[in-house]
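> This is the content of final-v6.csv (CSV, C-alpha atoms):
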```csv
chain,number,residue,atom,x,y,z
A,1400,MET,CA,44.5,180.3,179.1
A,1401,ASP,CA,44.9,183.3,181.4
A,1402,ARG,CA,41.8,182.2,183.3
A,1403,PHE,CA,43.7,179.1,184.5
A,1404,VAL,CA,46.8,178.6,186.6
A,1405,CYS,CA,48.8,176.3,184.4
A,1406,VAL,CA,51.3,173.7,185.8
A,1407,ARG,CA,53.4,171.3,183.8
A,1408,ILE,CA,54.5,168.1,185.5
A,1409,VAL,CA,57.4,166.3,183.7
A,1410,GLN,CA,57.8,163.1,185.7
A,1411,GLY,CA,56.0,160.4,187.5
A,1412,TRP,CA,58.2,160.4,190.7
A,1413,GLY,CA,56.2,161.9,193.5
A,1414,LEU,CA,52.9,162.0,191.6
A,1415,ASP,CA,50.0,161.9,194.0
A,1416,LEU,CA,48.2,158.7,193.0
A,1417,THR,CA,45.3,159.5,195.3
A,1418,LEU,CA,44.4,162.2,192.7
A,1419,PHE,CA,46.3,161.6,189.5
A,1420,GLN,CA,44.8,158.4,188.1
A,1421,TYR,CA,44.3,158.2,184.4
A,1422,ASP,CA,45.3,156.2,181.4
A,1423,TRP,CA,49.0,155.8,182.2
A,1424,ARG,CA,49.7,154.6,178.7
A,1425,GLN,CA,48.9,158.0,177.3
A,1426,THR,CA,51.8,160.4,176.5
A,1427,TRP,CA,50.1,163.4,178.0
A,1428,GLN,CA,47.1,164.1,180.2
A,1429,VAL,CA,45.3,167.2,181.4
A,1430,PHE,CA,43.7,167.6,184.8
A,1431,LEU,CA,41.3,170.6,185.2
A,1432,MET,CA,41.0,171.1,189.0
A,1433,ASN,CA,41.2,173.6,191.8
A,1434,ALA,CA,43.3,174.5,194.8
A,1435,ASP,CA,41.3,172.2,197.1
A,1436,ARG,CA,42.4,169.3,194.8
A,1437,ASP,CA,38.9,168.8,193.5
A,1438,ILE,CA,39.0,167.6,189.9
A,1439,TYR,CA,36.6,169.3,187.4
A,1440,GLY,CA,37.6,167.1,184.5
A,1441,ARG,CA,40.2,165.2,182.6
A,1442,TYR,CA,41.5,165.3,179.0
A,1443,SER,CA,43.6,162.8,177.2
A,1444,ALA,CA,45.3,163.1,173.9
A,1445,HIS,CA,43.8,160.2,172.1
A,1446,HIS,CA,43.6,161.9,168.8
A,1447,SER,CA,45.5,164.7,167.1
A,1448,ASP,CA,42.3,166.3,165.9
A,1449,ASP,CA,40.4,166.8,169.2
A,1450,LEU,CA,41.9,170.0,170.4
A,1451,GLU,CA,38.6,171.8,170.1
A,1452,ALA,CA,37.4,169.3,172.7
A,1453,LEU,CA,40.1,170.5,175.1
A,1454,ARG,CA,38.9,174.1,174.7
A,1455,LYS,CA,35.3,173.0,175.4
A,1456,ALA,CA,36.4,171.0,178.5
A,1457,MET,CA,38.2,174.1,179.8
A,1458,GLU,CA,35.0,176.1,179.3
A,1459,GLY,CA,33.2,173.4,181.3
A,1460,ALA,CA,35.8,173.6,184.1
A,1461,LEU,CA,35.3,177.4,184.3
A,1462,GLU,CA,31.5,176.8,184.7
A,1463,LEU,CA,32.1,174.2,187.5
A,1464,HIS,CA,34.6,176.5,189.1
A,1465,ALA,CA,32.1,179.4,189.1
A,1466,ARG,CA,29.7,177.1,191.1
A,1467,TYR,CA,32.3,175.9,193.5
A,1468,PRO,CA,32.1,175.0,196.4
A,1469,ALA,CA,28.4,174.4,196.2
A,1470,ASN,CA,29.1,171.5,193.7
A,1471,LYS,CA,31.9,170.0,195.7
A,1472,GLY,CA,29.9,166.9,196.5
A,1473,GLU,CA,29.3,166.0,192.8
A,1474,LEU,CA,33.0,166.2,192.2
A,1475,ALA,CA,33.9,163.6,194.8
A,1476,GLY,CA,33.9,160.7,192.4
A,1477,LYS,CA,36.4,162.4,190.2
A,1478,ARG,CA,39.2,161.9,192.7
A,1479,GLY,CA,41.2,158.7,192.6
A,1480,ILE,CA,40.0,155.4,193.9
A,1481,PRO,CA,42.0,153.7,196.7
A,1482,LEU,CA,45.2,152.1,195.6
A,1483,PRO,CA,47.8,150.3,197.8
A,1484,TRP,CA,50.3,153.1,197.0
A,1485,LYS,CA,50.0,156.8,197.4
A,1486,ARG,CA,53.1,157.6,195.2
A,1487,PRO,CA,54.7,155.5,192.4
A,1488,GLU,CA,57.9,155.2,194.4
A,1489,GLU,CA,56.0,153.2,197.0
A,1490,MET,CA,55.3,150.4,194.4
A,1491,PRO,CA,57.6,147.4,195.0
A,1492,ALA,CA,58.1,146.9,191.3
A,1493,LEU,CA,59.4,150.5,190.9
A,1494,GLN,CA,61.7,150.6,193.9
A,1495,ALA,CA,64.4,148.8,191.9
A,1496,ARG,CA,64.6,151.9,189.8
A,1497,GLY,CA,66.2,153.8,192.7
A,1498,MET,CA,65.2,156.6,194.9
A,1499,PRO,CA,63.3,159.5,193.5
A,1500,ARG,CA,65.5,162.3,192.4
A,1501,PRO,CA,65.0,165.6,190.7
A,1502,VAL,CA,64.7,165.4,186.9
A,1503,THR,CA,67.3,167.5,185.3
A,1504,GLY,CA,66.8,166.7,181.7
A,1505,ARG,CA,65.5,163.9,179.5
A,1506,ASP,CA,66.5,161.1,181.9
A,1507,GLY,CA,66.1,160.1,185.4
A,1508,CYS,CA,62.3,160.0,185.7
A,1509,ILE,CA,59.8,157.3,185.5
A,1510,HIS,CA,57.2,157.7,182.8
A,1511,CYS,CA,53.5,157.2,183.0
A,1512,HIS,CA,53.6,153.8,181.4
A,1513,ASN,CA,56.1,152.8,184.1
A,1514,ILE,CA,53.4,153.5,186.6
A,1515,GLN,CA,51.0,151.3,184.8
A,1516,GLU,CA,53.5,148.5,184.6
A,1517,GLY,CA,54.6,149.1,188.2
A,1518,ALA,CA,51.1,148.8,189.5
A,1519,THR,CA,50.5,145.5,187.6
A,1520,LYS,CA,53.7,143.9,188.9
A,1521,SER,CA,53.3,145.4,192.4
A,1522,TYR,CA,50.0,143.7,193.0
A,1523,ALA,CA,51.7,140.4,192.3
A,1524,ALA,CA,54.5,141.4,194.7
A,1525,LEU,CA,51.9,142.0,197.4
A,1526,GLY,CA,50.4,138.6,196.7
A,1527,GLN,CA,47.2,140.2,195.6
A,1528,PRO,CA,45.2,139.6,192.4
A,1529,VAL,CA,45.5,142.4,189.9
A,1530,PRO,CA,42.2,144.2,189.8
A,1531,ALA,CA,40.4,144.0,186.4
A,1532,ARG,CA,40.5,147.7,185.9
A,1533,ILE,CA,44.3,147.6,186.2
A,1534,SER,CA,44.9,144.5,184.0
A,1535,ALA,CA,42.4,145.4,181.3
A,1536,PRO,CA,43.0,148.1,178.7
A,1537,TYR,CA,41.8,151.5,179.9
A,1538,PRO,CA,38.2,151.5,178.6
A,1539,THR,CA,37.1,153.6,175.7
A,1540,THR,CA,33.3,154.4,175.6
A,1541,GLN,CA,33.1,152.0,172.7
A,1542,ARG,CA,33.6,149.2,175.2
A,1543,VAL,CA,30.0,149.8,176.4
A,1544,GLY,CA,28.7,150.7,173.0
A,1545,PHE,CA,29.0,154.4,172.2
A,1546,MET,CA,31.4,156.9,170.7
A,1547,LEU,CA,31.7,160.6,171.5
A,1548,ASP,CA,32.4,163.4,169.0
A,1549,THR,CA,36.0,164.3,169.3
A,1550,ALA,CA,35.3,168.0,168.5
A,1551,GLU,CA,32.7,168.3,171.3
A,1552,ARG,CA,32.6,168.2,175.0
A,1553,ALA,CA,30.7,164.9,175.2
A,1554,THR,CA,28.2,164.5,172.4
A,1555,VAL,CA,27.3,161.0,171.3
A,1556,ALA,CA,28.4,160.4,167.7
A,1557,ASP,CA,27.6,156.7,167.4
A,1558,VAL,CA,25.7,154.0,169.3
A,1559,GLN,CA,26.4,150.4,168.5
A,1560,THR,CA,23.5,148.0,168.4
A,1561,GLY,CA,23.3,145.2,170.9
A,1562,THR,CA,25.4,147.0,173.5
A,1563,PRO,CA,24.6,148.4,177.0
A,1564,ALA,CA,24.5,151.9,175.5
A,1565,ALA,CA,21.9,150.9,172.9
A,1566,ALA,CA,19.8,149.1,175.5
A,1567,SER,CA,19.8,152.2,177.7
A,1568,GLY,CA,18.1,154.2,174.9
A,1569,MET,CA,21.1,156.4,174.2
A,1570,LYS,CA,20.9,158.1,170.8
A,1571,VAL,CA,23.3,159.8,168.4
A,1572,GLY,CA,23.3,163.6,169.2
A,1573,ASP,CA,22.6,163.1,172.9
A,1574,ARG,CA,24.8,165.4,175.0
A,1575,LEU,CA,26.2,163.4,177.9
A,1576,LEU,CA,25.8,165.6,181.0
A,1577,ARG,CA,26.6,163.1,183.7
A,1578,LEU,CA,27.8,159.6,183.9
A,1579,GLY,CA,27.8,157.7,187.2
A,1580,GLY,CA,26.6,161.0,188.8
A,1581,GLN,CA,29.7,162.9,187.7
A,1582,PRO,CA,29.6,166.0,185.4
A,1583,ILE,CA,31.2,165.1,182.1
A,1584,LEU,CA,33.5,167.6,180.4
A,1585,SER,CA,35.3,165.3,177.9
A,1586,ALA,CA,35.6,161.8,176.6
A,1587,ALA,CA,38.4,161.2,179.1
A,1588,ASP,CA,35.8,162.0,181.9
A,1589,ALA,CA,33.5,159.3,180.5
A,1590,GLN,CA,36.4,156.9,180.3
A,1591,TRP,CA,37.3,157.7,183.9
A,1592,VAL,CA,33.8,156.9,185.1
A,1593,LEU,CA,34.1,153.5,183.3
A,1594,TRP,CA,37.6,152.8,184.6
A,1595,SER,CA,36.8,153.7,188.2
A,1596,GLY,CA,33.3,152.2,188.2
A,1597,PRO,CA,31.9,148.8,188.8
A,1598,ASP,CA,33.0,145.6,187.2
A,1599,ALA,CA,29.4,144.8,186.6
A,1600,GLY,CA,26.0,146.5,187.4
A,1601,ILE,CA,24.0,149.6,186.6
A,1602,LEU,CA,25.7,152.8,185.3
A,1603,LYS,CA,23.4,155.8,185.2
A,1604,ALA,CA,23.7,158.4,182.5
A,1605,GLN,CA,22.1,161.8,182.2
A,1606,VAL,CA,21.8,163.2,178.7
A,1607,ASP,CA,20.4,166.3,177.1
A,1608,ARG,CA,18.3,165.4,174.0
A,1609,GLY,CA,17.1,168.4,172.2
A,1610,GLY,CA,16.8,170.5,175.3
A,1611,ARG,CA,15.2,167.7,177.4
A,1612,THR,CA,17.1,166.1,180.2
A,1613,MET,CA,16.8,162.3,180.3
A,1614,GLU,CA,18.0,159.7,182.7
A,1615,LEU,CA,19.3,156.5,181.2
A,1616,GLU,CA,20.6,153.3,182.7
A,1617,MET,CA,23.3,151.1,181.2
A,1618,SER,CA,23.6,147.6,182.5
A,1619,LEU,CA,27.3,146.5,182.4
A,1620,PRO,CA,27.6,142.7,182.2
A,1621,GLU,CA,30.3,140.8,184.0
A,1622,GLY,CA,33.6,140.9,182.1
A,1623,TRP,CA,32.6,144.0,180.1
A,1624,ARG,CA,36.1,145.4,180.6
A,1625,SER,CA,37.7,142.7,178.5
A,1626,LYS,CA,35.0,141.9,176.0
B,1344,MET,CA,50.5,164.8,165.2
B,1345,LYS,CA,51.2,168.2,163.8
B,1346,ARG,CA,48.2,169.7,165.6
B,1347,LEU,CA,49.4,168.0,168.8
B,1348,ALA,CA,52.8,169.5,168.4
B,1349,LEU,CA,51.2,172.9,167.8
B,1350,LEU,CA,49.1,172.6,170.9
B,1351,SER,CA,52.2,171.7,172.9
B,1352,LEU,CA,53.9,174.8,171.7
B,1353,GLY,CA,50.7,176.8,172.3
B,1354,LEU,CA,50.4,175.5,175.8
B,1355,PHE,CA,53.9,176.6,176.7
B,1356,ALA,CA,54.1,179.8,174.7
B,1357,VAL,CA,52.6,182.3,177.1
B,1358,ALA,CA,54.0,185.2,179.1
B,1359,SER,CA,57.0,184.8,181.4
B,1360,LYS,CA,57.1,184.1,185.1
B,1361,ALA,CA,60.2,184.0,187.3
B,1362,GLN,CA,60.8,180.6,188.8
B,1363,ASP,CA,63.3,178.5,190.8
B,1364,PRO,CA,66.6,178.5,188.8
B,1365,ALA,CA,66.6,174.7,188.9
B,1366,LYS,CA,63.2,174.6,187.2
B,1367,ASP,CA,64.5,177.1,184.6
B,1368,ARG,CA,67.5,174.8,184.0
B,1369,LEU,CA,65.2,171.9,183.6
B,1370,ARG,CA,63.0,173.8,181.2
B,1371,GLN,CA,66.1,174.7,179.2
B,1372,ALA,CA,67.3,171.1,179.2
B,1373,LEU,CA,63.9,169.9,177.9
B,1374,GLY,CA,64.0,172.5,175.2
B,1375,ASP,CA,60.9,174.3,176.5
B,1376,THR,CA,62.6,177.6,176.0
B,1377,GLU,CA,59.4,179.4,175.1
B,1378,LEU,CA,57.7,178.4,178.4
B,1379,VAL,CA,56.5,181.7,179.8
B,1380,GLY,CA,53.6,183.2,181.6
B,1381,THR,CA,51.5,181.9,184.4
B,1382,TRP,CA,52.9,178.4,183.8
B,1383,ILE,CA,54.4,176.9,186.8
B,1384,TYR,CA,57.0,174.2,186.1
B,1385,ASP,CA,57.1,170.9,187.9
B,1386,ASP,CA,55.8,172.3,191.2
B,1387,LEU,CA,52.2,171.4,192.1
B,1388,GLU,CA,52.3,172.9,195.5
B,1389,ALA,CA,53.2,176.3,194.0
B,1390,GLY,CA,50.3,175.7,191.6
B,1391,TYR,CA,47.8,175.1,194.4
B,1392,ALA,CA,49.0,178.2,196.2
B,1393,GLU,CA,48.7,180.4,193.1
B,1394,ALA,CA,45.3,179.0,192.2
B,1395,ARG,CA,44.1,179.8,195.7
B,1396,ARG,CA,45.6,183.3,195.6
B,1397,LEU,CA,44.0,184.1,192.3
B,1398,ASP,CA,40.8,182.0,192.8
B,1399,ARG,CA,41.3,180.4,189.5
B,1400,PRO,CA,41.0,176.8,188.3
B,1401,MET,CA,44.2,174.9,187.4
B,1402,MET,CA,45.2,173.2,184.3
B,1403,VAL,CA,47.7,170.5,185.2
B,1404,VAL,CA,49.5,169.0,182.2
B,1405,ILE,CA,51.3,165.7,182.9
B,1406,ARG,CA,53.5,165.0,180.0
B,1407,CYS,CA,56.6,162.9,179.6
B,1408,VAL,CA,60.0,164.6,179.1
B,1409,THR,CA,60.8,162.3,176.2
```
Will you turn the file into structure tokens for me?

Amino acid sequence: MDRFVCVRIVQGWGLDLTLFQYDWRQTWQVFLMNADRDIYGRYSAHHSDDLEALRKAMEGALELHARYPANKGELAGKRGIPLPWKRPEEMPALQARGMPRPVTGRDGCIHCHNIQEGATKSYAALGQPVPARISAPYPTTQRVGFMLDTAERATVADVQTGTPAAASGMKVGDRLLRLGGQPILSAADAQWVLWSGPDAGILKAQVDRGGRTMELEMSLPEGWRSK
Amino acid sequence: MKRLALLSLGLFAVASKAQDPAKDRLRQALGDTELVGTWIYDDLEAGYAEARRLDRPMMVVIRCVT
């Protein structure tokens, strides 16, 4: 822990949505990043038994930090995608909640799930269709056919037959090094690539299989987010 | 959930660092009385500055107050 500068954020008001995009339905989220606002990795508390995965993601962040800024380019995709709002308080659907104010206790803030709901309703307020990535559940890797070991950084624990992952040649035991060109430190990183990625098309994966680096391609069909 | 709770305690139970009194009051109000160390509370800009000064990566935890 002492190799990191640790910050706790307790409220959604003022959150920089150009950076802090994640599964807003989660109760807590970790961003491993640097002072230049480049993101090394994400971690979500999906399970209560995956804390070892957080430690390993932190180790991965230290490795990426040691190579920074030479690797700055490969981190670009980890930043947020363009949204119509830079902060939650700009969302029309959240403005009714009043102006941002300092949180002084267990009230007065907006919560992560409010951001999710606010985004969905605010697209409608703008007269724009809600993007599929906003309206669909935040994707787990199972959505494209694989599961990661919750005790590891990103090791494939299961591949379901008849899925894009299976068709790509992904195998149980593969260590997922990159997805969509981004270094992967955690399951949340893989989910981020899926969420921020295309609604259909090719998603490239790089895996380590027994010491050999292999390049795979998953073909995501139209509608994969909601299937 | 027990392990999650333990992690939460572990995350915040580190050595003490002086902060804005308002942040300290917030921390008290939230019951994070064991929050100590190089943790910076609810102030990302201070986190960026400290990370630059120390040339360390940051761990930013976004967690509801309820």
> Write out as a ChimeraX atom specification each polymer residue whose atoms come within 12 Å of A:Thr1554, counting all atoms listed in the file; drop sequence neighbours fewer than 6 positions from it.
/A:1452,1455,1540,1545-1548,1569-1577,1583-1586,1589,1605-1609
> Would you save the residues from that selection as a tab-separated table (two decimals), keeping the file's coordinate frame, using C-alpha atoms?

```tsv
chain	number	residue	atom	x	y	z
A	1452	ALA	CA	37.40	169.30	172.70
A	1455	LYS	CA	35.30	173.00	175.40
A	1540	THR	CA	33.30	154.40	175.60
A	1545	PHE	CA	29.00	154.40	172.20
A	1546	MET	CA	31.40	156.90	170.70
A	1547	LEU	CA	31.70	160.60	171.50
A	1548	ASP	CA	32.40	163.40	169.00
A	1569	MET	CA	21.10	156.40	174.20
A	1570	LYS	CA	20.90	158.10	170.80
A	1571	VAL	CA	23.30	159.80	168.40
A	1572	GLY	CA	23.30	163.60	169.20
A	1573	ASP	CA	22.60	163.10	172.90
A	1574	ARG	CA	24.80	165.40	175.00
A	1575	LEU	CA	26.20	163.40	177.90
A	1576	LEU	CA	25.80	165.60	181.00
A	1577	ARG	CA	26.60	163.10	183.70
A	1583	ILE	CA	31.20	165.10	182.10
A	1584	LEU	CA	33.50	167.60	180.40
A	1585	SER	CA	35.30	165.30	177.90
A	1586	ALA	CA	35.60	161.80	176.60
A	1589	ALA	CA	33.50	159.30	180.50
A	1605	GLN	CA	22.10	161.80	182.20
A	1606	VAL	CA	21.80	163.20	178.70
A	1607	ASP	CA	20.40	166.30	177.10
A	1608	ARG	CA	18.30	165.40	174.00
A	1609	GLY	CA	17.10	168.40	172.20
```
> Atom CA of A:Trp1591 and atom CA of A:Leu1418 are how many Å apart?
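About the pair atom CA of A:Trp1591 and atom CA of A:Leu1418: they are 12.2 Å apart.
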> Residues within 7 Å of stretch 1437-1445 of chain A, please, as a list in words. Count all atoms listed in the file; anything in the same chain fewer than 3 positions from it doesn't count.
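Result of the neighbour search: Trp1427, Gln1428, Val1429, Phe1430, Leu1431, Met1432, Asn1433, Leu1453, Ala1460, Leu1463, Leu1474, Lys1477, Arg1478, Leu1584, Ser1585, Ala1587 and Asp1588 of chain A.
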> Take atom CA of A:Gln1559 and atom CA of A:Gln1425 and report the distance between them in Å, one decimal.
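Computed distance, atom CA of A:Gln1559 to atom CA of A:Gln1425, equals 25.3 Å.
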> Just the number, please: distance in Å from atom CA of A:Glu1551 to atom CA of A:Ala1456, one decimal.
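Here the two named atoms are 8.5 Å from each other.
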> Between A:Arg1402, A:Gly1544, A:Gly1526, A:Thr1519, which has the minimum distance to A:Ala1465 (counting only C-alpha atoms)?
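Using only C-alpha atoms, the shortest distance to A:Ala1465 belongs to A:Arg1402.
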> Let me make sure I understand: among A:Leu1450, A:Thr1562, A:Leu1416, A:Leu1461, which one has the smallest atom-to-atom distance to A:Val1404 if we use all atoms listed in the file?
A:Leu1461
> Would you mind listing what lies within 12 Å of B:Glu1393 as a PyMOL selection string, with all atoms listed in the file counted and same-chain residues fewer than 2 positions away left out?
(chain A and resi 1403-1406+1433-1435) or (chain B and resi 1381-1383+1386-1391+1395-1402)
> With all atoms listed in the file as the basis for distance, which of A:Met1613, A:Ala1599, A:Leu1619, A:Ile1408 is at the shortest distance from chain B?
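Nearest to chain B: A:Ile1408.
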